[in-house]
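Text of my_file23.tsv, listed as TSV, C-alpha atoms and all ligand atoms:
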chain	number	residue	atom	x	y	z
A	299	MET	CA	125.08	266.85	-61.36
A	300	SER	CA	128.36	268.27	-60.13
A	301	GLU	CA	128.92	269.21	-56.49
A	302	PHE	CA	129.72	272.82	-57.30
A	303	HIS	CA	126.77	273.27	-59.58
A	304	SER	CA	124.36	271.78	-57.09
A	305	LYS	CA	125.46	274.24	-54.41
A	306	ILE	CA	125.93	277.53	-56.22
A	307	LYS	CA	123.49	279.78	-57.96
A	308	THR	CA	125.36	282.87	-59.13
A	309	ILE	CA	122.31	285.10	-59.36
A	310	GLU	CA	118.73	284.52	-58.27
A	311	TRP	CA	115.55	286.55	-57.93
A	312	VAL	CA	114.20	286.33	-54.35
A	313	ASP	CA	110.82	287.93	-53.47
A	314	ASN	CA	111.49	291.51	-54.57
A	315	TYR	CA	115.27	291.69	-54.91
A	316	SER	CA	118.19	290.04	-56.69
A	317	LYS	CA	120.65	287.90	-54.75
A	318	MET	CA	124.10	287.27	-56.19
A	319	VAL	CA	127.58	286.04	-55.34
A	320	ASP	CA	129.94	289.00	-54.87
A	321	GLN	CA	132.63	287.94	-57.34
A	322	THR	CA	135.03	290.72	-56.40
A	323	LEU	CA	135.64	288.77	-53.16
A	324	VAL	CA	136.22	285.32	-54.69
A	325	PRO	CA	138.25	283.28	-53.70
A	326	TYR	CA	138.89	284.96	-50.34
A	327	GLU	CA	135.22	285.04	-49.40
A	328	PHE	CA	132.14	283.40	-50.83
A	329	LYS	CA	129.46	285.90	-49.92
A	330	TYR	CA	126.01	286.71	-51.30
A	331	VAL	CA	124.81	290.31	-51.62
A	332	ASN	CA	121.23	291.46	-52.02
A	333	ILE	CA	120.71	294.05	-54.74
A	334	LYS	CA	117.56	296.01	-53.98
A	335	THR	CA	117.52	298.99	-56.35
A	336	GLY	CA	118.10	299.55	-60.07
A	337	ASP	CA	121.04	301.85	-59.37
A	338	GLU	CA	122.63	299.22	-57.11
A	339	MET	CA	122.31	296.73	-59.95
A	340	PHE	CA	123.89	299.13	-62.43
A	341	ASP	CA	126.86	299.50	-60.05
A	342	ALA	CA	127.05	295.74	-59.39
A	343	ILE	CA	127.41	295.12	-63.13
A	344	LYS	CA	129.86	297.98	-63.66
A	345	THR	CA	132.11	297.07	-60.73
A	346	MET	CA	131.92	293.36	-61.63
A	347	ILE	CA	130.25	292.13	-58.44
A	348	VAL	CA	128.41	290.16	-61.11
A	349	ARG	CA	130.33	289.39	-64.30
A	350	GLY	CA	130.43	287.07	-67.30
A	351	ALA	CA	128.19	287.69	-70.30
A	352	PRO	CA	125.19	285.43	-69.47
A	353	ALA	CA	125.25	286.43	-65.78
A	354	ILE	CA	125.18	290.15	-66.56
A	355	GLY	CA	122.34	289.48	-69.00
A	356	VAL	CA	120.22	288.05	-66.19
A	357	ALA	CA	121.43	290.83	-63.86
A	358	GLY	CA	120.29	293.44	-66.40
A	359	ALA	CA	116.85	291.80	-66.61
A	360	HIS	CA	116.61	291.81	-62.80
A	361	GLY	CA	117.77	295.44	-62.80
A	362	VAL	CA	114.82	296.43	-64.98
A	363	VAL	CA	112.45	294.73	-62.51
A	364	LEU	CA	114.07	296.69	-59.66
A	365	TYR	CA	113.58	299.97	-61.52
A	366	ALA	CA	109.99	298.97	-62.31
A	367	GLN	CA	109.30	298.31	-58.61
A	368	GLU	CA	110.74	301.72	-57.68
A	369	LEU	CA	108.79	303.62	-60.35
A	370	ALA	CA	105.60	301.79	-59.39
A	371	GLU	CA	105.82	303.57	-56.00
A	372	GLU	CA	105.90	307.02	-57.61
A	373	ASN	CA	102.27	307.76	-58.40
A	374	LEU	CA	102.89	308.02	-62.13
A	375	SER	CA	100.29	307.54	-64.84
A	376	ARG	CA	100.70	304.32	-66.85
A	377	ASP	CA	102.16	306.28	-69.79
A	378	GLU	CA	104.61	308.15	-67.56
A	379	PHE	CA	105.61	304.86	-65.91
A	380	VAL	CA	106.28	303.18	-69.27
A	381	ARG	CA	108.29	306.14	-70.59
A	382	ALA	CA	110.40	306.43	-67.43
A	383	LEU	CA	110.99	302.67	-67.26
A	384	LEU	CA	112.12	302.43	-70.88
A	385	GLU	CA	114.67	305.19	-70.16
A	386	LYS	CA	115.92	303.34	-67.07
A	387	ALA	CA	116.16	300.12	-69.09
A	388	ASP	CA	118.35	301.86	-71.68
A	389	TYR	CA	120.52	303.17	-68.87
A	390	MET	CA	120.86	299.64	-67.43
A	391	ALA	CA	121.89	298.26	-70.84
A	392	GLY	CA	124.84	300.68	-70.82
A	393	ALA	CA	126.38	299.40	-67.58
A	394	ARG	CA	129.02	297.53	-69.61
A	395	PRO	CA	129.39	297.85	-73.40
A	396	THR	CA	130.87	294.62	-74.78
A	397	ALA	CA	128.79	291.62	-73.66
A	398	VAL	CA	125.71	291.62	-75.87
A	399	ASN	CA	123.77	289.41	-73.43
A	400	LEU	CA	123.16	292.51	-71.29
A	401	MET	CA	121.55	294.45	-74.15
A	402	TRP	CA	119.75	291.28	-75.29
A	403	ALA	CA	118.15	290.60	-71.90
A	404	VAL	CA	117.22	294.26	-71.37
A	405	LYS	CA	115.70	294.28	-74.84
A	406	LYS	CA	113.54	291.29	-73.88
A	407	GLN	CA	112.32	293.27	-70.85
A	408	LYS	CA	111.68	296.36	-73.02
A	409	GLU	CA	109.51	294.27	-75.35
A	410	ILE	CA	107.37	293.29	-72.35
A	411	ILE	CA	107.11	296.92	-71.22
A	412	LYS	CA	106.08	298.05	-74.71
A	413	ASN	CA	103.68	295.19	-75.50
A	414	SER	CA	102.01	294.61	-72.13
A	415	LYS	CA	98.28	295.28	-71.86
A	416	SER	CA	98.44	295.20	-68.04
A	417	ASP	CA	98.34	298.01	-65.49
A	418	ILE	CA	101.52	299.12	-63.70
A	419	SER	CA	101.55	296.34	-61.13
A	420	GLY	CA	100.81	293.81	-63.89
A	421	ILE	CA	103.82	295.04	-65.89
A	422	VAL	CA	106.04	294.67	-62.82
A	423	GLU	CA	104.81	291.08	-62.40
A	424	GLU	CA	105.39	290.24	-66.06
A	425	LEU	CA	108.94	291.61	-65.88
A	426	LYS	CA	109.63	289.61	-62.75
A	427	GLU	CA	108.34	286.42	-64.36
A	428	ASN	CA	110.52	287.00	-67.39
A	429	GLY	CA	113.59	287.67	-65.21
A	430	ILE	CA	113.04	284.34	-63.46
A	431	LYS	CA	112.44	282.59	-66.80
A	432	LEU	CA	115.75	283.88	-68.20
A	433	GLU	CA	117.47	282.63	-65.04
A	434	LYS	CA	116.06	279.10	-65.47
A	435	GLU	CA	116.69	278.97	-69.21
A	436	ASP	CA	120.34	279.93	-68.72
A	437	VAL	CA	121.19	276.76	-66.79
A	438	GLU	CA	119.26	274.55	-69.24
A	439	ILE	CA	121.03	276.15	-72.20
A	440	ASN	CA	124.44	275.70	-70.57
A	441	LYS	CA	123.83	272.00	-70.02
A	442	LYS	CA	122.99	271.61	-73.70
A	443	ILE	CA	126.15	273.52	-74.66
A	444	GLY	CA	128.07	271.25	-72.30
A	445	ASP	CA	126.67	268.10	-73.86
A	446	TYR	CA	127.34	269.18	-77.46
A	447	GLY	CA	130.82	270.33	-76.49
A	448	ALA	CA	131.68	267.10	-74.67
A	449	GLU	CA	131.38	265.26	-78.00
A	450	VAL	CA	134.46	267.01	-79.36
A	451	VAL	CA	136.64	266.56	-76.26
A	452	PRO	CA	139.18	263.79	-76.94
A	453	ARG	CA	139.63	261.07	-74.31
A	454	GLY	CA	142.02	262.16	-71.59
A	455	ALA	CA	142.26	265.66	-73.09
A	456	SER	CA	144.08	268.59	-71.56
A	457	ILE	CA	141.83	271.58	-72.15
A	458	LEU	CA	143.08	275.15	-71.96
A	459	THR	CA	140.62	277.88	-71.00
A	460	HIS	CA	140.97	281.62	-70.59
A	461	CYS	CA	139.13	283.86	-68.11
A	462	ASN	CA	136.08	282.34	-66.43
A	463	ALA	CA	133.20	281.10	-68.52
A	464	GLY	CA	131.92	278.90	-65.72
A	465	ALA	CA	129.02	278.67	-63.31
A	466	LEU	CA	129.97	282.05	-61.89
A	467	ALA	CA	129.88	283.70	-65.32
A	468	THR	CA	126.35	282.37	-65.84
A	469	VAL	CA	123.48	281.44	-63.56
A	470	GLY	CA	125.01	277.98	-63.19
A	471	TYR	CA	127.03	275.20	-64.90
A	472	GLY	CA	128.86	277.53	-67.30
A	473	THR	CA	129.50	277.60	-71.04
A	474	ALA	CA	133.18	276.75	-71.63
A	475	LEU	CA	133.32	275.16	-68.18
A	476	GLY	CA	129.95	273.54	-68.94
A	477	VAL	CA	131.78	271.71	-71.73
A	478	VAL	CA	134.47	270.74	-69.23
A	479	ARG	CA	131.87	269.58	-66.68
A	480	SER	CA	129.95	267.46	-69.20
A	481	ALA	CA	133.18	265.98	-70.59
A	482	PHE	CA	134.47	265.21	-67.09
A	483	ALA	CA	131.22	263.41	-66.22
A	484	LYS	CA	131.92	261.03	-69.13
A	485	ASP	CA	135.68	260.86	-68.81
A	486	PRO	CA	137.30	261.69	-65.46
A	487	THR	CA	140.77	261.51	-67.01
A	488	ILE	CA	140.47	264.96	-68.65
A	489	GLN	CA	142.22	267.95	-67.09
A	490	VAL	CA	142.18	271.73	-67.43
A	491	PHE	CA	144.89	274.35	-67.84
A	492	ALA	CA	143.53	277.69	-66.60
A	493	ASP	CA	145.09	280.95	-67.73
A	494	GLU	CA	145.50	283.42	-64.88
A	495	THR	CA	143.79	286.17	-66.97
A	496	ARG	CA	145.29	289.47	-65.98
A	497	PRO	CA	144.33	292.06	-64.99
A	498	ARG	CA	141.27	290.84	-63.05
A	499	GLN	CA	142.55	287.27	-62.67
A	500	GLN	CA	139.21	285.60	-63.34
A	501	GLY	CA	141.07	282.43	-64.35
A	502	ALA	CA	143.12	282.25	-61.17
A	503	ARG	CA	140.48	283.52	-58.76
A	504	ILE	CA	137.31	282.00	-60.16
A	505	THR	CA	138.00	279.19	-62.67
A	506	THR	CA	140.46	277.35	-60.43
A	507	LEU	CA	138.06	277.60	-57.50
A	508	GLU	CA	135.09	276.30	-59.48
A	509	LEU	CA	136.97	273.42	-61.03
A	510	THR	CA	138.83	272.26	-57.95
A	511	MET	CA	135.56	272.38	-55.95
A	512	ASP	CA	134.21	269.97	-58.55
A	513	GLY	CA	137.28	267.74	-58.28
A	514	ILE	CA	138.35	268.44	-61.86
A	515	PRO	CA	142.17	268.34	-62.14
A	516	THR	CA	143.30	271.90	-62.87
A	517	THR	CA	146.67	273.53	-63.47
A	518	LEU	CA	147.00	277.30	-63.17
A	519	ILE	CA	149.35	278.96	-65.65
A	520	THR	CA	150.12	282.63	-66.31
A	521	ASP	CA	148.88	284.24	-69.51
A	522	GLY	CA	152.24	284.15	-71.27
A	523	MET	CA	152.69	280.39	-70.89
A	524	CYS	CA	150.12	278.99	-73.32
A	525	SER	CA	152.44	278.77	-76.36
A	526	TYR	CA	155.08	277.02	-74.26
A	527	PHE	CA	152.67	274.27	-73.26
A	528	MET	CA	151.15	273.98	-76.73
A	529	LYS	CA	154.61	273.53	-78.25
A	530	LYS	CA	155.27	270.74	-75.76
A	531	GLY	CA	152.08	269.01	-76.95
A	532	MET	CA	150.50	269.39	-73.54
A	533	ILE	CA	147.28	271.09	-74.72
A	534	ASP	CA	144.77	269.12	-76.82
A	535	MET	CA	142.13	271.78	-77.26
A	536	VAL	CA	141.07	275.26	-76.17
A	537	VAL	CA	137.54	276.16	-75.04
A	538	VAL	CA	136.65	279.75	-74.15
A	539	GLY	CA	133.44	281.70	-73.65
A	540	ALA	CA	132.32	284.77	-75.56
A	541	ASP	CA	130.95	288.23	-74.86
A	542	ARG	CA	129.72	288.97	-78.36
A	543	ILE	CA	129.90	287.07	-81.63
A	544	ALA	CA	129.41	288.92	-84.91
A	545	ALA	CA	127.40	287.50	-87.85
A	546	ASN	CA	130.67	286.27	-89.44
A	547	GLY	CA	131.84	284.44	-86.28
A	548	ASP	CA	134.39	287.02	-85.08
A	549	THR	CA	134.31	286.67	-81.30
A	550	ALA	CA	134.91	289.16	-78.52
A	551	ASN	CA	136.07	287.59	-75.28
A	552	LYS	CA	138.33	288.51	-72.39
A	553	ILE	CA	141.55	290.28	-73.35
A	554	GLY	CA	144.20	287.68	-74.14
A	555	THR	CA	141.84	285.27	-75.90
A	556	TYR	CA	143.11	286.40	-79.32
A	557	THR	CA	146.69	285.58	-78.32
A	558	VAL	CA	145.62	282.08	-77.24
A	559	ALA	CA	143.77	281.60	-80.56
A	560	ILE	CA	146.80	282.60	-82.64
A	561	SER	CA	148.98	280.23	-80.67
A	562	ALA	CA	146.43	277.42	-81.04
A	563	LYS	CA	146.34	277.92	-84.83
A	564	TYR	CA	150.14	277.86	-85.03
A	565	HIS	CA	150.33	274.65	-83.00
A	566	ASN	CA	147.34	272.96	-84.68
A	567	VAL	CA	145.32	272.88	-81.49
A	568	PRO	CA	141.51	273.07	-82.00
A	569	PHE	CA	140.10	276.34	-80.66
A	570	TYR	CA	136.41	276.28	-79.65
A	571	VAL	CA	134.10	279.06	-78.46
A	572	ALA	CA	131.19	277.98	-76.22
A	573	ALA	CA	128.28	280.41	-76.03
A	574	PRO	CA	124.49	280.61	-76.09
A	575	LEU	CA	122.82	281.94	-79.22
A	576	SER	CA	121.96	285.09	-77.20
A	577	THR	CA	125.68	285.98	-77.41
A	578	ILE	CA	125.48	286.16	-81.20
A	579	ASP	CA	124.74	289.66	-82.42
A	580	THR	CA	123.48	289.26	-85.96
A	581	SER	CA	123.05	293.02	-86.25
A	582	ILE	CA	126.81	293.41	-86.72
A	583	LYS	CA	128.63	291.98	-89.72
A	584	THR	CA	132.14	291.67	-88.25
A	585	GLY	CA	134.03	291.99	-85.00
A	586	ASP	CA	135.25	295.46	-86.03
A	587	GLU	CA	131.86	296.78	-84.93
A	588	ILE	CA	132.15	295.44	-81.37
A	589	VAL	CA	132.68	298.14	-78.74
A	590	ILE	CA	135.58	297.15	-76.51
A	591	GLU	CA	135.28	298.23	-72.89
A	592	GLU	CA	138.16	300.33	-71.54
A	593	ARG	CA	138.67	299.79	-67.83
A	594	SER	CA	140.56	301.67	-65.14
A	595	ARG	CA	144.35	301.99	-64.96
A	596	GLU	CA	144.29	300.71	-61.36
A	597	GLU	CA	143.29	297.22	-62.57
A	598	VAL	CA	146.71	297.04	-64.26
A	599	THR	CA	148.88	299.06	-61.88
A	600	HIS	CA	147.67	297.37	-58.70
A	601	ILE	CA	147.21	293.83	-57.42
A	602	ASN	CA	145.22	293.46	-54.20
A	603	GLY	CA	145.54	297.18	-53.52
A	604	LYS	CA	149.35	297.16	-53.91
A	605	ILE	CA	151.06	299.04	-56.72
A	606	ILE	CA	153.22	296.79	-58.91
A	607	CYS	CA	154.80	299.34	-61.27
A	608	ALA	CA	156.26	302.86	-61.52
A	609	PRO	CA	153.37	305.04	-60.30
A	610	GLU	CA	153.38	307.41	-63.29
A	611	VAL	CA	153.65	304.83	-66.07
A	612	ASN	CA	151.16	305.00	-68.96
A	613	VAL	CA	148.51	302.28	-68.97
A	614	ILE	CA	145.96	301.08	-71.52
A	615	ASN	CA	143.42	298.56	-70.30
A	616	PRO	CA	141.01	297.13	-72.89
A	617	GLY	CA	138.82	294.51	-71.22
A	618	PHE	CA	138.29	292.37	-74.32
A	619	ASP	CA	139.76	291.50	-77.71
A	620	VAL	CA	138.26	290.06	-80.87
A	621	THR	CA	139.36	286.69	-82.20
A	622	PRO	CA	138.91	286.57	-86.00
A	623	HIS	CA	136.60	283.80	-87.17
A	624	GLU	CA	139.40	282.13	-89.19
A	625	LEU	CA	141.00	281.04	-85.91
A	626	ILE	CA	137.87	279.37	-84.53
A	627	THR	CA	137.36	275.63	-85.07
A	628	GLY	CA	133.73	275.65	-83.93
A	629	ILE	CA	131.17	277.65	-81.94
A	630	ILE	CA	129.42	275.38	-79.45
A	631	THR	CA	125.82	276.51	-78.87
A	632	GLU	CA	122.70	275.02	-77.31
A	633	LYS	CA	121.58	274.10	-80.83
A	634	GLY	CA	124.74	272.26	-81.79
A	635	ILE	CA	128.26	273.11	-82.95
A	636	LEU	CA	128.43	275.78	-85.66
A	637	ARG	CA	131.27	275.32	-88.13
A	638	PRO	CA	132.80	277.57	-90.80
A	639	ASP	CA	131.53	279.19	-92.97
A	640	TYR	CA	130.08	281.00	-89.93
A	641	ARG	CA	128.25	283.59	-91.98
A	642	LYS	CA	126.20	280.71	-93.32
A	643	SER	CA	125.98	278.47	-90.24
A	644	ILE	CA	124.98	281.42	-88.02
A	645	ALA	CA	122.39	282.66	-90.52
A	646	ASP	CA	121.00	279.12	-90.83
A	647	VAL	CA	120.61	278.53	-87.10
A	648	PHE	CA	118.97	281.92	-86.60
A	649	GLU	CA	116.59	281.25	-89.44
A	650	LYS	CA	115.61	277.91	-87.90
A	651	GLU	CA	115.30	279.23	-84.34
A	652	CYS	CA	113.02	282.11	-85.18
A	653	ALA	CA	112.23	282.95	-81.57
A	654	LEU	CA	115.85	284.02	-81.18
A	655	CYS	CA	115.91	286.11	-84.33
A	656	THR	CA	115.28	289.33	-82.50
A	657	GLY	CA	118.78	290.72	-83.14
A	658	LEU	CA	119.42	294.03	-81.43
B	1	LIG	O1	135.03	291.00	-67.67
B	1	LIG	P1	134.31	289.70	-67.44
B	1	LIG	O2	134.85	288.91	-66.31
B	1	LIG	O3	132.82	289.90	-67.37
B	1	LIG	O4	134.59	288.86	-68.76
B	1	LIG	C1	134.08	287.58	-68.86
B	1	LIG	C2	134.49	286.89	-70.10
B	1	LIG	O5	135.20	287.39	-70.94
B	1	LIG	C3	133.88	285.53	-70.33
B	1	LIG	O6	134.76	284.69	-70.99
B	1	LIG	C4	132.60	285.69	-71.17
B	1	LIG	O7	131.77	286.67	-70.61
B	1	LIG	C5	131.86	284.44	-71.31
B	1	LIG	S1	131.09	283.97	-69.81
B	1	LIG	C6	130.23	282.54	-70.05
Rewrite the structure from the file as structure tokens, please.
Ligand code: MRU
Amino acid sequence: MSEFHSKIKTIEWVDNYSKMVDQTLVPYEFKYVNIKTGDEMFDAIKTMIVRGAPAIGVAGAHGVVLYAQELAEENLSRDEFVRALLEKADYMAGARPTAVNLMWAVKKQKEIIKNSKSDISGIVEELKENGIKLEKEDVEINKKIGDYGAEVVPRGASILTHCNAGALATVGYGTALGVVRSAFAKDPTIQVFADETRPRQQGARITTLELTMDGIPTTLITDGMCSYFMKKGMIDMVVVGADRIAANGDTANKIGTYTVAISAKYHNVPFYVAAPLSTIDTSIKTGDEIVIEERSREEVTHINGKIICAPEVNVINPGFDVTPHELITGIITEKGILRPDYRKSIADVFEKECALCTGL
């Protein structure tokens, strides 16, 4: 098990609150914050104290427990409690719109609220247990993704990744960086090229920290450089994470991923997406239906609180883009690597894994 992974748990339920790494401070500080109310959790997700699709899924599940604990103090009847909690759960699911893991995990909590036969305190307990279960499963799933992914990493490969789909985007180990970790365990001659990932610099701030802490050779490049290095033959494959995958394989991930995928296709570099099945939203046919989060202008106009442009300039800041399925070599999941035709391979895996067939 890697050094980094053994030390860090991105998010964890402790007694009656959720403890998480404050990712807005990384890499300057590595600090945990305790989130004690549902509203605090909503803000933590929205302001990206916790970020990355699987991590915000678990955060959303914890957030529902926090709301349940608060409502349990309010002297409500069981029916009133259930109604109010379902409303709060829907509110929590809206903290960020693109990563489907958030809606997926909240939906799992809503099923417990609706189906439970317990009294109010029993429902709170069941939600807590499920939150902890999702936490544990996340790490196990990521290790499986890592092991399947490692099989397609060539010996001595240089792997390009975009954004951070690592331990800090999940509960631990990571999806795209889980592939890197598992491959590195077998072959310490691999190396990673990490895109900076403007505007929030998850690649520079988080991916480089995670990988260098694990002793994995890493080179930081700016977002515009990927084609240059691909043309030089210096990139053997790309592995990225995902925020939502449509039934046809179209994949939403951090803004800039689409550009990397086009460049990879042009240069004949395999382009893989690594994600748990909970990131696949079979309720949508194509990526056109994915809601893309629009974030604040300040994320683009400022770096570390300092303005970097003409103050009045227009800004558009979509947080994600959608890579069309034609550009994707394979989708690495905990059940194996899905290949084109994705409409078929996704339908097949969901049919087999019926427990996951909840959709949205
Ligand atoms: O805005 P962020 O930092 O939450 O975006 C994160 C990404 O785009 C990740 O690549 C994705 O969530 C996969 S994380 C395993």
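Near ligand LIG 1 (chain B), the residues found within 7 Å are Met346, Arg349, Gly350, Ala351, Pro352, Ala397, His460, Cys461, Asn462, Ala463, Gly464, Ala467, Thr468, Gly472, Thr473, Ala474, Gln500, Val538, Gly539, Ala540, Asp541, Asn551, Lys552, Ala573, Gly617 and Phe618 of chain A (criterion computed using only C-alpha atoms and all ligand atoms).
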TODO: Find the residue from A:Asp485, A:Glu494, A:Asp534, A:Asp619 that sits nearest to Asp521 in chain A; use all atoms listed in the file when measuring.
DONE: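 Comparing A:Asp485, A:Glu494, A:Asp534, A:Asp619 against Asp521 in chain A, the winner is A:Glu494.
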Open item on the list: As an exercise, work out the distance from CA of Lys484 in chain A to CA of Arg453 in chain A in Å and give it to one decimal place.
Closed with: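 We find that CA of Lys484 in chain A and CA of Arg453 in chain A lie 9.3 Å from each other.
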Task: Nearest candidate to Thr627 in chain A (options A:Val363, A:Ala572, A:Val589, A:Val319; using all atoms listed in the file) - done: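 Of A:Val363, A:Ala572, A:Val589, A:Val319, the one nearest Thr627 in chain A is A:Ala572, counting all atoms listed in the file.
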Open item on the list: Between A:Gly420, A:Gly358, A:Pro622, A:Gly444, which residue has the minimum interatomic distance to Ala559 in chain A, considering only C-alpha atoms?
Closed with: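 The closest residue to Ala559 in chain A is A:Pro622.
For the pair CA of Lys530 in chain A and CA of Gly547 in chain A, the separation is 29.1 Å.
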TODO: Quote the spacing between CA of Glu327 in chain A and CA of Pro515 in chain A in Å to one decimal place.
DONE: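 CA of Glu327 in chain A sits 22.1 Å away from CA of Pro515 in chain A.
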- [ ] Extract, using all atoms listed in the file, all DNA, RNA and protein residues at most 10 Å from Gly454 in chain A, discarding same-chain residues fewer than 5 positions from it, and format them as an MDAnalysis selection string.
- [x] chainID A and resid 481:482 485:489 534
Task: Residue neighbourhood Leu400 in chain A, 9 Å, all atoms listed in the file, exclusion window fewer than 3 positions, as an MDAnalysis selection string - done: chainID A and resid 351:359 390:397 403:405
- [ ] Tell me which protein, DNA and RNA residues are within 9 Å of Ser456 in chain A, counting all atoms listed in the file, leaving out same-chain ones fewer than 4 positions away, and put them as a list of chain:residue names.
- [x]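 Answer for this query is A:Pro452, A:Ile488, A:Gln489, A:Val490, A:Phe491, A:Met532, A:Ile533, A:Asp534, A:Met535, A:Val536.
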Would you save the residues of that selection, restricted to C-alpha atoms, as a PDB file, in the coordinates of the input?
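So the final result, stored in selection-v5.pdb, reads:
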ATOM      1  CA  PRO A 452     139.180 263.790 -76.940  1.00  0.00           C
ATOM      2  CA  ILE A 488     140.470 264.960 -68.650  1.00  0.00           C
ATOM      3  CA  GLN A 489     142.220 267.950 -67.090  1.00  0.00           C
ATOM      4  CA  VAL A 490     142.180 271.730 -67.430  1.00  0.00           C
ATOM      5  CA  PHE A 491     144.890 274.350 -67.840  1.00  0.00           C
ATOM      6  CA  MET A 532     150.500 269.390 -73.540  1.00  0.00           C
ATOM      7  CA  ILE A 533     147.280 271.090 -74.720  1.00  0.00           C
ATOM      8  CA  ASP A 534     144.770 269.120 -76.820  1.00  0.00           C
ATOM      9  CA  MET A 535     142.130 271.780 -77.260  1.00  0.00           C
ATOM     10  CA  VAL A 536     141.070 275.260 -76.170  1.00  0.00           C
TER      11      VAL A 536
END
